[in-house]
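Asks: Structure file target14.cif (mmCIF, C-alpha atoms) right here:
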```
data_input
#
loop_
_atom_site.label_atom_id
_atom_site.label_comp_id
_atom_site.auth_asym_id
_atom_site.auth_seq_id
_atom_site.Cartn_x
_atom_site.Cartn_y
_atom_site.Cartn_z
CA MET M 1 0.00 0.00 0.00
CA ALA M 2 1.78 3.14 -1.23
CA ILE M 3 -0.77 5.49 0.29
CA ASP M 4 -0.26 6.53 3.89
CA SER M 5 -3.72 5.93 5.35
CA TYR M 6 -2.96 7.93 8.44
CA ARG M 7 -1.19 10.96 6.98
CA PHE M 8 -3.81 13.52 7.95
CA LEU M 9 -4.71 12.11 11.37
CA ASP M 10 -3.37 13.31 14.70
CA PHE M 11 -1.19 10.90 16.66
CA ALA M 12 -3.86 9.57 19.04
CA THR M 13 -6.47 8.97 16.32
CA ARG M 14 -3.83 7.27 14.21
CA GLN M 15 -3.01 4.82 16.99
CA VAL M 16 -6.66 3.97 17.58
CA MET M 17 -7.35 3.44 13.86
CA LYS M 18 -4.28 1.23 13.48
CA ALA M 19 -5.37 -0.87 16.43
CA TRP M 20 -8.85 -1.27 14.92
CA ALA M 21 -7.43 -2.21 11.51
CA ALA M 22 -5.17 -4.83 13.08
CA ARG M 23 -8.10 -6.40 14.92
CA GLN M 24 -10.53 -6.69 12.01
CA GLU M 25 -11.45 -10.08 10.59
CA PRO M 26 -13.06 -9.55 7.17
CA GLY M 27 -14.56 -13.02 6.73
CA VAL M 28 -16.21 -13.71 3.37
CA ILE M 29 -16.16 -10.60 1.19
CA PRO M 30 -19.14 -10.27 -1.16
CA PHE M 31 -18.56 -9.43 -4.80
CA THR M 32 -20.83 -9.00 -7.79
CA LEU M 33 -19.58 -8.26 -11.30
CA LEU M 34 -21.37 -5.46 -13.11
CA ALA M 35 -24.12 -7.01 -15.20
CA LYS M 36 -23.90 -4.28 -17.83
CA SER M 37 -21.51 -1.57 -18.91
CA LEU M 38 -21.00 1.38 -16.57
CA ARG M 39 -22.52 3.74 -19.14
CA GLU M 40 -25.78 1.82 -18.77
CA CYS M 41 -25.77 1.74 -14.96
CA THR M 42 -27.89 3.71 -12.52
CA VAL M 43 -25.51 4.75 -9.73
CA ALA M 44 -26.31 5.75 -6.16
CA LEU M 45 -24.05 7.38 -3.57
CA VAL M 46 -23.87 6.79 0.18
CA SER M 47 -22.06 9.37 2.28
CA THR M 48 -20.94 8.79 5.87
CA ALA M 49 -20.88 12.54 6.57
CA GLY M 50 -24.17 12.61 8.49
CA VAL M 51 -25.98 14.67 5.84
CA ALA M 52 -29.63 15.44 6.60
CA ARG M 53 -32.00 17.72 4.74
CA ASN M 54 -33.31 20.72 6.64
CA ASP M 55 -36.85 19.37 6.24
CA ASP M 56 -35.82 15.97 7.67
CA ARG M 57 -34.88 14.76 11.16
CA PRO M 58 -31.28 15.63 12.14
CA PHE M 59 -28.93 12.84 13.23
CA ASP M 60 -29.06 12.57 17.02
CA GLN M 61 -26.00 14.43 18.25
CA ASP M 62 -27.40 15.06 21.73
CA GLY M 63 -27.58 11.31 22.28
CA GLU M 64 -23.88 11.00 21.46
CA ARG M 65 -23.03 13.91 23.72
CA ARG M 66 -24.87 12.17 26.58
CA ASP M 67 -23.18 8.83 25.84
CA PRO M 68 -20.02 9.16 23.72
CA TRP M 69 -19.88 5.38 23.14
CA TRP M 70 -23.17 5.62 21.23
CA SER M 71 -23.99 7.32 17.95
CA ASP M 72 -27.00 7.52 15.66
CA PRO M 73 -27.09 4.44 13.37
CA SER M 74 -30.01 5.58 11.19
CA PHE M 75 -29.91 6.90 7.62
CA ARG M 76 -31.31 9.81 5.67
CA ALA M 77 -32.47 9.84 2.07
CA ILE M 78 -31.10 12.70 -0.01
CA PRO M 79 -32.99 13.25 -3.27
CA LEU M 80 -30.99 14.11 -6.38
CA GLY M 81 -30.94 17.88 -6.80
CA THR M 82 -30.42 18.54 -3.09
CA THR M 83 -27.69 21.14 -2.59
CA GLU M 84 -25.70 22.54 0.32
CA LYS M 85 -28.47 25.12 0.79
CA ASP M 86 -30.88 22.32 1.74
CA VAL M 87 -28.80 20.35 4.26
CA ARG M 88 -26.66 20.31 7.35
CA LEU M 89 -23.95 17.83 8.33
CA TYR M 90 -24.49 16.18 11.72
CA HIS M 91 -21.13 14.59 12.44
CA LEU M 92 -19.11 15.40 15.55
CA HIS M 93 -15.85 13.83 14.30
CA ILE M 94 -15.26 15.77 11.09
CA ASP M 95 -15.31 19.44 10.22
CA PRO M 96 -18.80 19.87 8.70
CA ARG M 97 -18.06 23.25 7.17
CA PHE M 98 -16.48 21.92 3.98
CA GLY M 99 -19.49 19.76 3.07
CA GLU M 100 -21.87 22.53 4.08
CA ALA M 101 -20.02 24.96 1.81
CA ASP M 102 -20.15 22.51 -1.12
CA LEU M 103 -22.15 19.30 -0.73
CA ASP M 104 -20.20 17.63 -3.54
CA VAL M 105 -17.19 17.50 -1.19
CA VAL M 106 -18.94 14.65 0.67
CA LEU M 107 -21.88 13.62 -1.55
CA PRO M 108 -20.96 14.32 -5.17
CA MET M 109 -24.39 14.22 -6.80
CA ARG M 110 -23.66 17.09 -9.20
CA ARG M 111 -20.38 15.50 -10.23
CA LEU M 112 -22.19 12.19 -10.79
CA ALA M 113 -24.76 13.94 -12.98
CA GLU M 114 -21.92 15.50 -14.98
CA LEU M 115 -20.35 12.08 -15.49
CA ALA M 116 -23.72 10.85 -16.72
CA GLY M 117 -23.76 13.79 -19.14
CA GLU M 118 -20.32 12.73 -20.40
CA GLY M 119 -21.55 9.16 -20.90
CA VAL M 120 -19.28 7.68 -18.21
CA VAL M 121 -22.24 6.35 -16.19
CA GLY M 122 -25.84 5.79 -17.21
CA ARG M 123 -27.65 8.06 -14.80
CA PRO M 124 -27.60 9.14 -11.17
CA ALA M 125 -30.21 7.41 -9.01
CA PRO M 126 -33.20 9.55 -8.02
CA THR M 127 -32.22 9.13 -4.34
CA HIS M 128 -28.89 9.04 -2.52
CA TYR M 129 -28.20 8.37 1.16
CA SER M 130 -26.24 9.37 4.21
CA VAL M 131 -25.32 7.77 7.50
CA MET M 132 -23.20 9.14 10.33
CA GLY M 133 -19.87 7.40 10.02
CA TYR M 134 -18.61 7.28 13.58
CA ILE M 135 -20.35 4.21 14.94
CA LEU M 136 -18.48 2.10 17.44
CA GLU M 137 -21.22 -0.52 17.75
CA PRO M 138 -22.34 -1.24 14.17
CA LYS M 139 -24.97 -3.95 14.86
CA GLU M 140 -28.01 -1.81 14.01
CA LEU M 141 -26.20 -0.18 11.10
CA VAL M 142 -25.37 -3.56 9.60
CA GLU M 143 -28.58 -5.41 10.43
CA LYS M 144 -31.20 -2.71 9.89
CA THR M 145 -29.89 0.46 8.25
CA ALA M 146 -27.84 -1.07 5.42
CA PRO M 147 -30.60 -3.52 4.36
CA ALA M 148 -33.17 -0.70 4.43
CA ILE M 149 -30.97 1.42 2.14
CA ALA M 150 -30.38 -1.57 -0.15
CA GLU M 151 -34.12 -2.19 -0.35
CA ARG M 152 -34.77 1.38 -1.44
CA MET M 153 -31.98 1.14 -4.01
CA ARG M 154 -33.52 -2.04 -5.39
CA ALA M 155 -36.88 -0.28 -5.69
CA GLU M 156 -35.21 2.46 -7.75
CA ARG M 157 -33.37 -0.13 -9.89
CA VAL M 158 -29.91 0.99 -8.81
CA ASP M 159 -27.16 -1.07 -10.47
CA ALA M 160 -24.15 0.14 -8.48
CA ALA M 161 -23.48 2.12 -5.33
CA ALA M 162 -20.41 4.03 -4.22
CA LEU M 163 -19.84 4.51 -0.52
CA VAL M 164 -18.12 7.80 0.21
CA PRO M 165 -16.43 7.82 3.62
CA ALA M 166 -16.09 11.22 5.21
CA MET B 1 -9.82 7.99 3.34
CA ILE B 2 -8.18 5.44 5.65
CA PRO B 3 -7.87 2.57 3.18
CA GLU B 4 -5.92 0.30 5.54
CA LEU B 5 -8.86 0.27 7.95
CA THR B 6 -11.54 -0.05 5.26
CA ARG B 7 -9.65 -2.88 3.59
CA ALA B 8 -9.25 -4.67 6.91
CA VAL B 9 -13.04 -4.68 7.30
CA GLY B 10 -13.38 -6.41 3.93
CA VAL B 11 -15.10 -4.68 1.01
CA PRO B 12 -15.67 -5.80 -2.60
CA ARG B 13 -13.85 -2.86 -4.17
CA LEU B 14 -11.83 -0.07 -2.56
CA ALA B 15 -10.36 3.11 -3.98
CA GLY B 16 -7.67 4.35 -1.58
CA LEU B 17 -7.10 8.07 -1.34
CA SER B 18 -4.98 10.19 0.98
CA TYR B 19 -7.18 13.22 1.57
CA PRO B 20 -8.08 14.79 4.94
CA MET B 21 -11.22 13.63 6.69
CA GLY B 22 -14.30 15.68 5.90
CA ARG B 23 -13.08 16.35 2.36
CA PRO B 24 -13.14 12.99 0.54
CA LEU B 25 -13.80 14.41 -2.93
CA GLY B 26 -11.48 17.39 -2.57
CA ARG B 27 -11.78 21.07 -1.87
CA PRO B 28 -15.07 22.98 -1.97
CA ARG B 29 -15.86 24.37 -5.43
CA ASP B 30 -13.06 22.37 -7.09
CA ALA B 31 -15.47 20.70 -9.52
CA ASP B 32 -12.73 19.37 -11.82
CA GLY B 33 -10.82 17.79 -8.94
CA GLN B 34 -13.97 16.29 -7.43
CA ARG B 35 -15.07 14.87 -10.77
CA ALA B 36 -11.63 13.30 -11.34
CA VAL B 37 -11.77 11.55 -7.95
CA LEU B 38 -15.32 10.29 -8.53
CA ARG B 39 -14.56 9.11 -12.04
CA ALA B 40 -11.45 7.20 -10.94
CA THR B 41 -13.45 5.64 -8.11
CA LEU B 42 -16.31 4.53 -10.38
CA GLU B 43 -13.87 3.04 -12.90
CA LEU B 44 -13.07 0.44 -10.25
CA LEU B 45 -16.60 -0.89 -10.75
CA VAL B 46 -15.43 -2.07 -14.16
CA SER B 47 -11.78 -2.95 -13.56
CA ALA B 48 -12.27 -5.02 -10.40
CA SER B 49 -12.32 -8.76 -11.06
CA GLY B 50 -12.92 -10.14 -7.59
CA PRO B 51 -13.43 -9.34 -3.90
CA ASP B 52 -10.92 -7.13 -2.09
CA SER B 53 -10.04 -5.30 -5.32
CA TYR B 54 -7.93 -2.32 -4.38
CA ALA B 55 -6.80 0.66 -6.44
CA GLU B 56 -4.83 3.62 -5.16
CA LEU B 57 -5.87 7.02 -6.42
CA LEU B 58 -2.68 9.03 -6.49
CA PHE B 59 -4.23 12.47 -6.24
CA GLU B 60 -2.15 14.85 -4.13
CA TRP B 61 -3.76 17.01 -1.46
CA PRO B 62 -2.44 20.55 -1.98
CA GLU B 63 -1.67 21.18 1.72
CA SER B 64 0.56 19.58 4.33
CA PRO B 65 -1.15 17.58 7.10
CA ALA B 66 -0.49 20.46 9.52
CA GLN B 67 -2.12 22.96 7.16
CA ALA B 68 -5.09 20.65 6.61
CA ARG B 69 -5.56 20.25 10.37
CA ASN B 70 -5.22 24.00 10.93
CA ALA B 71 -8.16 24.57 8.58
CA SER B 72 -10.33 22.96 11.25
CA LYS B 73 -8.73 24.63 14.23
CA GLY B 74 -11.18 25.78 16.89
CA LEU B 75 -13.67 22.98 16.24
CA ALA B 76 -15.06 21.40 19.44
CA PRO B 77 -13.47 18.01 20.17
CA PRO B 78 -15.75 14.97 19.71
CA PRO B 79 -17.60 13.75 22.84
CA ILE B 80 -15.43 10.62 23.08
CA VAL B 81 -12.31 12.81 23.31
CA GLU B 82 -13.88 14.90 26.07
CA LEU B 83 -14.78 11.71 27.94
CA LEU B 84 -11.27 10.28 27.62
CA LYS B 85 -9.78 13.50 28.97
CA LYS B 86 -11.86 13.00 32.11
CA LYS B 87 -11.44 9.21 32.28
CA PRO B 88 -8.18 8.35 30.49
CA TRP B 89 -8.30 4.74 31.66
CA LEU B 90 -11.17 4.20 29.20
CA LEU B 91 -8.75 4.72 26.31
CA ALA B 92 -7.81 1.04 26.56
CA ARG B 93 -11.42 0.17 25.78
CA LEU B 94 -11.41 2.34 22.67
CA TYR B 95 -8.16 0.73 21.48
CA SER B 96 -9.35 -2.78 22.12
CA GLY B 97 -12.91 -2.33 20.87
CA ARG B 98 -14.45 -3.31 24.22
CA ILE B 99 -17.33 -0.92 23.78
CA PRO B 100 -19.39 -0.44 26.96
CA HIS B 101 -22.67 -0.68 25.04
CA ARG B 102 -21.91 -4.18 23.92
CA GLU B 103 -21.08 -5.20 27.46
CA ARG B 104 -24.20 -3.55 28.82
CA CYS B 105 -26.21 -5.52 26.32
CA LEU B 106 -24.57 -8.74 27.42
CA THR B 107 -24.38 -8.20 31.18
CA GLY B 108 -26.78 -5.37 31.86
CA ARG B 109 -24.04 -3.02 33.07
CA GLY B 110 -20.96 -1.21 31.85
CA ASP B 111 -18.47 1.44 32.85
CA ARG B 112 -19.01 4.77 31.16
#
```
Using structure tokens, write down the structure that the file contains.
Replies:
Amino acid sequence: MAIDSYRFLDFATRQVMKAWAARQEPGVIPFTLLAKSLRECTVALVSTAGVARNDDRPFDQDGERRDPWWSDPSFRAIPLGTTEKDVRLYHLHIDPRFGEADLDVVLPMRRLAELAGEGVVGRPAPTHYSVMGYILEPKELVEKTAPAIAERMRAERVDAAALVPA
Amino acid sequence: MIPELTRAVGVPRLAGLSYPMGRPLGRPRDADGQRAVLRATLELLVSASGPDSYAELLFEWPESPAQARNASKGLAPPPIVELLKKKPWLLARLYSGRIPHRERCLTGRGDR
């Protein structure tokens, strides 16, 4: 791995992340080949930046402040066409100001639409998604949130999804 | 963002990138840079031939790590950092992944 994964992290965070990486056991990794060419695919994005529309429920930051071992494992749907004017980022472990200044920094829906215009991908999905990426206990995220997102993607005939960590 | 950790979890395809947290596609209003990162990432959908496919995106962040961190200076520390300042002995739990919630679920109690 030529990339230094930890280059931008402070010393303490780096040590914690390295310890977590060393402890992971990946098990069986799923894989599905694309069934059609990328230029025919409907593509959805999933951001871990804790993006929520202003007319939707915010991610629960007060709960995390009360109990720092817990964080909100739910998801928010972000319709295509949503911009930084329509959202806030609810994530206590990243600087939200960059994504709030330009949503494409964390959820690149406009860039995806441009790539569709260039013929690189088929089309952006009508709906994209966000979760809050600092979750120490991922049981609900894995068992409830991810399947619920996948179900909605299936309903919108999404062919491929890109997860964008924040 | 932290490809070593993501890869350790086990994902079908992974595009590794060394950008600061909170800015995975690049700088605000750098549409060309953002589009290049997204395009290179999506190309992995085609080029990957099996699980754990990994490609490194060799885009360079235009600031040093210190400059990138300074851009977020003054931000309140996360709640877990505040907790560990008060109870530093809990750091061992964070390192080891012994999350109090999990233990509370199993035993009905835990040390916060």
Asks: Using all atoms listed in the file, find each residue of chain B with at least one atom at most 8 Å away from an atom of chain M; report its shortest atom-to-atom pair and that distance in Å (one decimal), sort the rows by chain and rising residue number, and return the result as a Markdown table.
Replies:
```
| residue | atom | partner | partner_atom | distance |
| --- | --- | --- | --- | --- |
| B:Met1 | CA | M:Pro165 | CA | 6.6 |
| B:Ile2 | CA | M:Ser5 | CA | 4.5 |
| B:Pro3 | CA | M:Ser5 | CA | 5.8 |
| B:Glu4 | CA | M:Ser5 | CA | 6.0 |
| B:Leu5 | CA | M:Ala21 | CA | 4.6 |
| B:Thr6 | CA | M:Ala21 | CA | 7.8 |
| B:Ala8 | CA | M:Ala21 | CA | 5.5 |
| B:Val9 | CA | M:Pro26 | CA | 4.9 |
| B:Gly10 | CA | M:Pro26 | CA | 4.5 |
| B:Val11 | CA | M:Ile29 | CA | 6.0 |
| B:Pro12 | CA | M:Phe31 | CA | 5.1 |
| B:Gly16 | CA | M:Ile3 | CA | 7.2 |
| B:Leu17 | CA | M:Ile3 | CA | 7.0 |
| B:Ser18 | CA | M:Ser5 | CA | 6.2 |
| B:Tyr19 | CA | M:Phe8 | CA | 7.2 |
| B:Pro20 | CA | M:Phe8 | CA | 5.4 |
| B:Met21 | CA | M:Ala166 | CA | 5.6 |
| B:Gly22 | CA | M:Ala166 | CA | 4.9 |
| B:Arg23 | CA | M:Val105 | CA | 5.6 |
| B:Pro24 | CA | M:Ala166 | CA | 5.8 |
| B:Leu25 | CA | M:Val105 | CA | 4.9 |
| B:Gly26 | CA | M:Val105 | CA | 5.9 |
| B:Arg27 | CA | M:Val105 | CA | 6.5 |
| B:Pro28 | CA | M:Asp102 | CA | 5.2 |
| B:Arg29 | CA | M:Asp102 | CA | 6.4 |
| B:Ala31 | CA | M:Arg111 | CA | 7.2 |
| B:Gln34 | CA | M:Arg111 | CA | 7.0 |
| B:Arg35 | CA | M:Arg111 | CA | 5.4 |
| B:Leu38 | CA | M:Arg111 | CA | 7.5 |
| B:Arg39 | CA | M:Leu115 | CA | 7.4 |
| B:Leu42 | CA | M:Ala162 | CA | 7.4 |
| B:Leu45 | CA | M:Leu34 | CA | 7.0 |
| B:Val46 | CA | M:Leu34 | CA | 6.9 |
| B:Ser49 | CA | M:Leu33 | CA | 7.3 |
| B:Gly50 | CA | M:Phe31 | CA | 6.3 |
| B:Pro51 | CA | M:Phe31 | CA | 5.2 |
| B:Asp52 | CA | M:Ile29 | CA | 7.1 |
| B:Glu56 | CA | M:Ile3 | CA | 7.0 |
| B:Leu58 | CA | M:Ile3 | CA | 7.9 |
| B:Pro65 | CA | M:Phe8 | CA | 4.9 |
| B:Ala66 | CA | M:Phe8 | CA | 7.9 |
| B:Ala68 | CA | M:Phe8 | CA | 7.4 |
| B:Arg69 | CA | M:Phe8 | CA | 7.4 |
| B:Ser72 | CA | M:Asp95 | CA | 6.2 |
| B:Leu75 | CA | M:Asp95 | CA | 7.2 |
| B:Pro77 | CA | M:His93 | CA | 7.6 |
| B:Pro78 | CA | M:Leu92 | CA | 5.4 |
| B:Pro79 | CA | M:Pro68 | CA | 5.3 |
| B:Ile80 | CA | M:Pro68 | CA | 4.9 |
| B:Leu83 | CA | M:Pro68 | CA | 7.2 |
| B:Leu94 | CA | M:Val16 | CA | 7.2 |
| B:Tyr95 | CA | M:Val16 | CA | 5.3 |
| B:Ser96 | CA | M:Ala19 | CA | 7.2 |
| B:Gly97 | CA | M:Trp20 | CA | 7.3 |
| B:Ile99 | CA | M:Trp69 | CA | 6.8 |
| B:Pro100 | CA | M:Trp69 | CA | 7.0 |
| B:His101 | CA | M:Trp69 | CA | 6.9 |
| B:Arg102 | CA | M:Glu137 | CA | 7.2 |
| B:Arg112 | CA | M:Asp67 | CA | 7.9 |
```
Asks: Suppose you want the space between atom CA of Asn54 of chain M and atom CA of Asp86 of chain M; what is it in Å?
Replies: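 Computing it gives 5.7 Å between the two atoms.
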Asks: Report the distance between atom CA of Ala15 of chain B and atom CA of Lys73 of chain B in Å, rounded to one decimal place.
Replies: 28.2 Å
Asks: Provide the atom CA of Gly119 of chain M to atom CA of Glu84 of chain M distance in Å, to one decimal place.
Replies: 25.4 Å
Asks: Box for segment 69-85 of chain M - axis-aligned, 6 Å on each of the six sides, all listed atoms - centre and size in Å to one decimal, as JSON.
Replies:
```
{"center_x": -26.4, "center_y": 14.8, "center_z": 8.2, "size_x": 25.1, "size_y": 32.7, "size_z": 41.9}
```
Asks: On this structure, the PyMOL selection byres ((chain M and resi 88) around 7) would catch which residues? List them as JSON, numbers by chain, sorted by chain and number.
Replies: {"M": [51, 52, 53, 54, 87, 89, 90, 100]}
Asks: Please determine, counting all atoms listed in the file, which residue among M:Thr145, M:Phe11, M:Arg154, M:Cys41 has the shortest atom-to-atom distance to Val131 of chain M.
Replies: M:Thr145
Asks: Applying 8 Å and only C-alpha atoms, which residues near Pro73 of chain M remain after dropping the ones on its own chain fewer than 3 positions away? List them as a list in words.
Replies: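 In the requested format, the answer is Val131, Met132, Ile135, Pro138, Glu140, Leu141 and Thr145 of chain M.
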Asks: Taking the file as shown, what set of residues would the PyMOL selection byres ((chain M and resi 59) around 7) give back, as a VMD selection string?
Replies: chain M and resid 50 57 to 58 60 to 61 72 90
Asks: Using all atoms listed in the file, what residues lie at most 9 Å away from (-5.5, 16.5, -6.8) (file coordinates), given as a PyMOL selection string?
Replies: chain B and resi 26+33-34+36-37+58-62
Asks: Can you fill out segment 25-54 of chain B with N, CA and C atoms and hand it back as a PDB file, in the frame of the given file?
Replies:
```pdb
ATOM      1  N   LEU B  25     -13.840  14.182  -1.481  1.00  0.00           N
ATOM      2  CA  LEU B  25     -13.800  14.410  -2.930  1.00  0.00           C
ATOM      3  C   LEU B  25     -12.838  15.535  -3.293  1.00  0.00           C
ATOM      4  N   GLY B  26     -12.385  16.287  -2.294  1.00  0.00           N
ATOM      5  CA  GLY B  26     -11.480  17.390  -2.570  1.00  0.00           C
ATOM      6  C   GLY B  26     -11.950  18.682  -1.947  1.00  0.00           C
ATOM      7  N   ARG B  27     -11.454  19.770  -2.440  1.00  0.00           N
ATOM      8  CA  ARG B  27     -11.780  21.070  -1.870  1.00  0.00           C
ATOM      9  C   ARG B  27     -13.127  21.574  -2.352  1.00  0.00           C
ATOM     10  N   PRO B  28     -13.825  22.369  -1.515  1.00  0.00           N
ATOM     11  CA  PRO B  28     -15.070  22.980  -1.970  1.00  0.00           C
ATOM     12  C   PRO B  28     -14.860  23.777  -3.258  1.00  0.00           C
ATOM     13  N   ARG B  29     -15.802  23.635  -4.156  1.00  0.00           N
ATOM     14  CA  ARG B  29     -15.860  24.370  -5.430  1.00  0.00           C
ATOM     15  C   ARG B  29     -14.741  23.979  -6.404  1.00  0.00           C
ATOM     16  N   ASP B  30     -14.029  22.897  -6.120  1.00  0.00           N
ATOM     17  CA  ASP B  30     -13.060  22.370  -7.090  1.00  0.00           C
ATOM     18  C   ASP B  30     -13.751  21.265  -7.893  1.00  0.00           C
ATOM     19  N   ALA B  31     -14.645  21.681  -8.790  1.00  0.00           N
ATOM     20  CA  ALA B  31     -15.470  20.700  -9.520  1.00  0.00           C
ATOM     21  C   ALA B  31     -14.608  19.738 -10.341  1.00  0.00           C
ATOM     22  N   ASP B  32     -13.566  20.237 -10.978  1.00  0.00           N
ATOM     23  CA  ASP B  32     -12.730  19.370 -11.820  1.00  0.00           C
ATOM     24  C   ASP B  32     -12.034  18.305 -10.970  1.00  0.00           C
ATOM     25  N   GLY B  33     -11.498  18.739  -9.837  1.00  0.00           N
ATOM     26  CA  GLY B  33     -10.820  17.790  -8.940  1.00  0.00           C
ATOM     27  C   GLY B  33     -11.789  16.763  -8.389  1.00  0.00           C
ATOM     28  N   GLN B  34     -12.961  17.210  -7.970  1.00  0.00           N
ATOM     29  CA  GLN B  34     -13.970  16.290  -7.430  1.00  0.00           C
ATOM     30  C   GLN B  34     -14.398  15.278  -8.494  1.00  0.00           C
ATOM     31  N   ARG B  35     -14.621  15.760  -9.703  1.00  0.00           N
ATOM     32  CA  ARG B  35     -15.070  14.870 -10.770  1.00  0.00           C
ATOM     33  C   ARG B  35     -13.990  13.829 -11.098  1.00  0.00           C
ATOM     34  N   ALA B  36     -12.730  14.239 -11.051  1.00  0.00           N
ATOM     35  CA  ALA B  36     -11.630  13.300 -11.340  1.00  0.00           C
ATOM     36  C   ALA B  36     -11.590  12.189 -10.286  1.00  0.00           C
ATOM     37  N   VAL B  37     -11.783  12.567  -9.022  1.00  0.00           N
ATOM     38  CA  VAL B  37     -11.770  11.550  -7.950  1.00  0.00           C
ATOM     39  C   VAL B  37     -12.951  10.605  -8.117  1.00  0.00           C
ATOM     40  N   LEU B  38     -14.140  11.152  -8.384  1.00  0.00           N
ATOM     41  CA  LEU B  38     -15.320  10.290  -8.530  1.00  0.00           C
ATOM     42  C   LEU B  38     -15.180   9.378  -9.734  1.00  0.00           C
ATOM     43  N   ARG B  39     -14.700   9.921 -10.831  1.00  0.00           N
ATOM     44  CA  ARG B  39     -14.560   9.110 -12.040  1.00  0.00           C
ATOM     45  C   ARG B  39     -13.570   7.953 -11.820  1.00  0.00           C
ATOM     46  N   ALA B  40     -12.436   8.253 -11.204  1.00  0.00           N
ATOM     47  CA  ALA B  40     -11.450   7.200 -10.940  1.00  0.00           C
ATOM     48  C   ALA B  40     -12.013   6.153  -9.997  1.00  0.00           C
ATOM     49  N   THR B  41     -12.832   6.589  -9.051  1.00  0.00           N
ATOM     50  CA  THR B  41     -13.450   5.640  -8.110  1.00  0.00           C
ATOM     51  C   THR B  41     -14.433   4.727  -8.854  1.00  0.00           C
ATOM     52  N   LEU B  42     -15.284   5.324  -9.687  1.00  0.00           N
ATOM     53  CA  LEU B  42     -16.310   4.530 -10.380  1.00  0.00           C
ATOM     54  C   LEU B  42     -15.688   3.582 -11.403  1.00  0.00           C
ATOM     55  N   GLU B  43     -14.523   3.930 -11.933  1.00  0.00           N
ATOM     56  CA  GLU B  43     -13.870   3.040 -12.900  1.00  0.00           C
ATOM     57  C   GLU B  43     -13.512   1.697 -12.282  1.00  0.00           C
ATOM     58  N   LEU B  44     -13.365   1.702 -10.953  1.00  0.00           N
ATOM     59  CA  LEU B  44     -13.070   0.440 -10.250  1.00  0.00           C
ATOM     60  C   LEU B  44     -14.246  -0.532 -10.348  1.00  0.00           C
ATOM     61  N   LEU B  45     -15.441  -0.008 -10.556  1.00  0.00           N
ATOM     62  CA  LEU B  45     -16.600  -0.890 -10.750  1.00  0.00           C
ATOM     63  C   LEU B  45     -16.375  -1.815 -11.940  1.00  0.00           C
ATOM     64  N   VAL B  46     -15.669  -1.305 -12.927  1.00  0.00           N
ATOM     65  CA  VAL B  46     -15.430  -2.070 -14.160  1.00  0.00           C
ATOM     66  C   VAL B  46     -14.150  -2.898 -14.051  1.00  0.00           C
ATOM     67  N   SER B  47     -13.095  -2.285 -13.525  1.00  0.00           N
ATOM     68  CA  SER B  47     -11.780  -2.950 -13.560  1.00  0.00           C
ATOM     69  C   SER B  47     -11.634  -4.046 -12.516  1.00  0.00           C
ATOM     70  N   ALA B  48     -12.423  -4.013 -11.460  1.00  0.00           N
ATOM     71  CA  ALA B  48     -12.270  -5.020 -10.400  1.00  0.00           C
ATOM     72  C   ALA B  48     -12.748  -6.387 -10.895  1.00  0.00           C
ATOM     73  N   SER B  49     -11.956  -7.423 -10.576  1.00  0.00           N
ATOM     74  CA  SER B  49     -12.320  -8.760 -11.060  1.00  0.00           C
ATOM     75  C   SER B  49     -12.724  -9.700  -9.942  1.00  0.00           C
ATOM     76  N   GLY B  50     -12.559  -9.275  -8.699  1.00  0.00           N
ATOM     77  CA  GLY B  50     -12.920 -10.140  -7.590  1.00  0.00           C
ATOM     78  C   GLY B  50     -12.924  -9.377  -6.287  1.00  0.00           C
ATOM     79  N   PRO B  51     -13.344 -10.032  -5.188  1.00  0.00           N
ATOM     80  CA  PRO B  51     -13.430  -9.340  -3.900  1.00  0.00           C
ATOM     81  C   PRO B  51     -12.080  -8.809  -3.428  1.00  0.00           C
ATOM     82  N   ASP B  52     -12.121  -7.771  -2.617  1.00  0.00           N
ATOM     83  CA  ASP B  52     -10.920  -7.130  -2.090  1.00  0.00           C
ATOM     84  C   ASP B  52     -10.095  -6.477  -3.198  1.00  0.00           C
ATOM     85  N   SER B  53     -10.751  -6.040  -4.270  1.00  0.00           N
ATOM     86  CA  SER B  53     -10.040  -5.300  -5.320  1.00  0.00           C
ATOM     87  C   SER B  53      -9.650  -3.937  -4.760  1.00  0.00           C
ATOM     88  N   TYR B  54      -8.411  -3.562  -4.976  1.00  0.00           N
ATOM     89  CA  TYR B  54      -7.930  -2.320  -4.380  1.00  0.00           C
ATOM     90  C   TYR B  54      -7.169  -1.503  -5.421  1.00  0.00           C
TER      91      TYR B  54
END
```
